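Contents: one structure, followed by commentary.
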Amino acid sequence: MKHLQFINAFILKFFSQRHRGHGGLRKQGILNKKIHFFFIHLHFKLILPSVISVSAVRGLFLQTLASFREIITLNFKIVSSVLLVTIIMVLSFPGCEASSGQQAAPISFHGISYRDIPGVTGEETAAIEALKEHYDSFIYGMLECTESFYNMDGEIKGFAALMCDWLSTLFGIPFIPQNYTWTDLLDGLEDETIDFSGYLMPSAGRRQTYSMTDPIAQRMVQYYRLRDSLPLSEIRKTRLPRYALVVDAASTHNVLQLATYEFEPVYVAVYTDAYELMLNGDVDALITVGVLETGFGSDVMTEDFMPPIFASTSFAVQNPAFQPFVSVVQKALQNGAIHYFHELYRQGYLEYMRNTLLSWLNEEESAFLKSNPVISIIGERDNYPLSFFNTRYQEWQGVAFDVLREVNLLIGLEFNVVNELSAEWHELLIMLEEGDAQMVTHLARTSERESRFLWPGSAFFTDQPVLISRNEVPI
């Protein structure tokens with residue numbers, strides 16, 4: 001963690017020097033607080049091996065520019081420069097656990113036994129084996145959420161179920177996922193009717209009550225608001241927004257500490273209580289971890305909280321007799337298991353999205369998917385960035401094909417381009433009208449075409465052309 005401290009020190013020193021002499025900036029203290037808190041989150045997000053990627057860096061950069069408008073207004077070049085330097089510095093370090101010596105070969109955590117994890121002691125092995133003699137299985141408590149949802153057969157699926165499968169193989173005893181309300185989860189851990197949990201966020205206060213590992217997954221804190229309600233940015237222009245917050249939740253403490261906009265808090269015992277408050281107009285939104293959308297209907301939408309707040313979750317237990325299990329999982333994390341957990345999380349969330357989409361289909365739509373596994377489409381060779389043929393890589397690319405790949409991941413439909421690369425647009429249109437293909441990657445909607453084709457209810461891309469000219473040539 002020394003490199004994190006070094007980077008933080010660099011950032012704060014940089015800003016203090018650049019702001020020296022700006023005595024007229026009344027909000028300098030608030031500004032530095034916002035910058036400091038954001039970069040703590042940025043470092044934490046980038047350092048996690050599971051999320052270091054170009055897309056992650058790009059996403060965080062864009063989120064930052066969007067959320068820190070007043071900072072950017074003060075000095076865009078300062079923020080942009082420090083962001084760039086920080087990203088380069090963070091990615092230049094090999095990692096928290098790296099040493100100057102030769103790195104050990106990575107461990108495969110698929111199907112591994114806990115006995116094969118480096119650092120597990122004989123005392124831990126003896127304690128675990130003794131507990132296995134007294135228990136047939138263990139309960140893994142969760143809240144119903146995107147990490148632990150019910151599929152259409154009533155089975156619990158998602159990251160929690162995949163984690164339980166891994167734990168069952170790791171320790172040689174079944175871990176069974178079960179969903180509870182927030183209060184029932186805490187009570188069950190206390191009275192030992194629930195053995196373990198993968199929902200609790202690790203914190204100094206909770207570690208006094210629970211044995212907890214380092215984070216096994218990361219979540220974003222989000223706004224939940226009614227889809228047809230006034231945007232929060234508009235509400236802020238006329239009054240303080242009213243936000244529902246869950247009592248004693250770790251995400252609530254983080255929001256109260258890190259929020260950059262003032263608001264009026266309204267506390268609820270469980271997050272679902274906020275729905276009626278939103279319907280009655282008593283609150284404008286709920287703020288909590290972004291995995292709880294399963295508790296609401298399609299009339300509720302989510303937005304990322306700004307500035308970004310990351311709420312982690314851990315493998316935790318309150319019964320001190322079960323502490324050896326937590327110790328073993330912690331040692332797995334120290335040996336790189338976070339990579340494996342990240343892949344489980346990705347698989348689990350994909351399961352959730354697939355289940356949600358399939359649950360929206362009626363019988364006719366479901367039957368169509370089963371009888372039409374391959375869809376013939378027309379691809380435009382030169383309509384960048386929507387649809388084009390990349391001659392260097394000899395493949396179809398563009399926004400349309402990115403969308404179709406996501407559809408393939410969700411429901412398994414395959415899309416096959418059936419037109420010749422040399423075909424002109426008028427030939428493609430004839431193919432579509434005569435049924436030689438079922439879809440085209442792009443078609444402008446006009447009054448003349450309105451009755452000739454079936455049109456979607458929403459667009460995946462909106463083009464907004466502008467006129468550009470030289471200064472001396474007025475438009």
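Starting from 1 in every chain, residues are counted up; chains themselves are A, B, ... following the order of the structure tokens, and ligands are numbered from 1 as listed.
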
Review point. Within 8 Å of Asn419 of chain A, counting only C-alpha atoms, which residues qualify if same-chain residues fewer than 4 places away don't, as a VMD selection string?
Key: chain A and resid 377 to 379 423 428

Restricting it to N, CA and C atoms, dump the selection as a PDB file, in the first residue's frame.
```pdb
ATOM      1  N   ILE A 377     -28.881 -10.998 -40.926  1.00  0.00           N
ATOM      2  CA  ILE A 377     -28.874  -9.540 -40.898  1.00  0.00           C
ATOM      3  C   ILE A 377     -28.101  -8.983 -42.088  1.00  0.00           C
ATOM      4  N   ILE A 378     -28.350  -7.711 -42.377  1.00  0.00           N
ATOM      5  CA  ILE A 378     -27.626  -6.979 -43.417  1.00  0.00           C
ATOM      6  C   ILE A 378     -26.675  -6.009 -42.731  1.00  0.00           C
ATOM      7  N   GLY A 379     -25.409  -6.059 -43.130  1.00  0.00           N
ATOM      8  CA  GLY A 379     -24.409  -5.160 -42.565  1.00  0.00           C
ATOM      9  C   GLY A 379     -23.968  -4.121 -43.577  1.00  0.00           C
ATOM     10  N   ALA A 423     -22.115  -5.277 -52.099  1.00  0.00           N
ATOM     11  CA  ALA A 423     -23.498  -4.874 -52.390  1.00  0.00           C
ATOM     12  C   ALA A 423     -23.728  -3.399 -52.066  1.00  0.00           C
ATOM     13  N   LEU A 428     -29.177  -3.746 -50.813  1.00  0.00           N
ATOM     14  CA  LEU A 428     -29.416  -4.167 -49.428  1.00  0.00           C
ATOM     15  C   LEU A 428     -30.872  -3.943 -49.043  1.00  0.00           C
TER      16      LEU A 428
END
```

Point to revise | Residue set, segment 153-296 of chain A restricted to alpha helix (DSSP H), as a ChimeraX atom specification | key: /A:159-171,182-191,232-236,250-258,273-280

Considering only C-alpha atoms, tabulate each residue of segment 175-240 of chain A that lies at most 9 Å from segment 252-265 of chain A along with its nearest interatomic pair and the corresponding distance in Å to one decimal; arrange the rows by chain and ascending residue number and present them as JSON lines.
```
{"residue": "A:Val221", "atom": "CA", "partner": "A:Val255", "partner_atom": "CA", "distance": 8.5}
{"residue": "A:Arg236", "atom": "CA", "partner": "A:Tyr261", "partner_atom": "CA", "distance": 8.7}
{"residue": "A:Arg239", "atom": "CA", "partner": "A:Phe263", "partner_atom": "CA", "distance": 8.9}
{"residue": "A:Leu240", "atom": "CA", "partner": "A:Phe263", "partner_atom": "CA", "distance": 5.1}
```

Atoms to include: C-alpha atoms. Write the selected residues as a PDB file, in the first residue's frame.
```pdb
ATOM      1  CA  VAL A 221     -23.592   3.259  -4.662  1.00  0.00           C
ATOM      2  CA  ARG A 236     -31.365  20.841  -6.956  1.00  0.00           C
ATOM      3  CA  ARG A 239     -34.670  23.112  -3.396  1.00  0.00           C
ATOM      4  CA  LEU A 240     -32.695  20.564  -1.427  1.00  0.00           C
TER       5      LEU A 240
END
```

Revision key, fill the gap. Residue with the minimum atom-to-atom distance to Leu200 of chain A, picked from A:Thr213, A:Thr391, A:Gln323, A:Ser458 with only C-alpha atoms counted, is A:Thr213
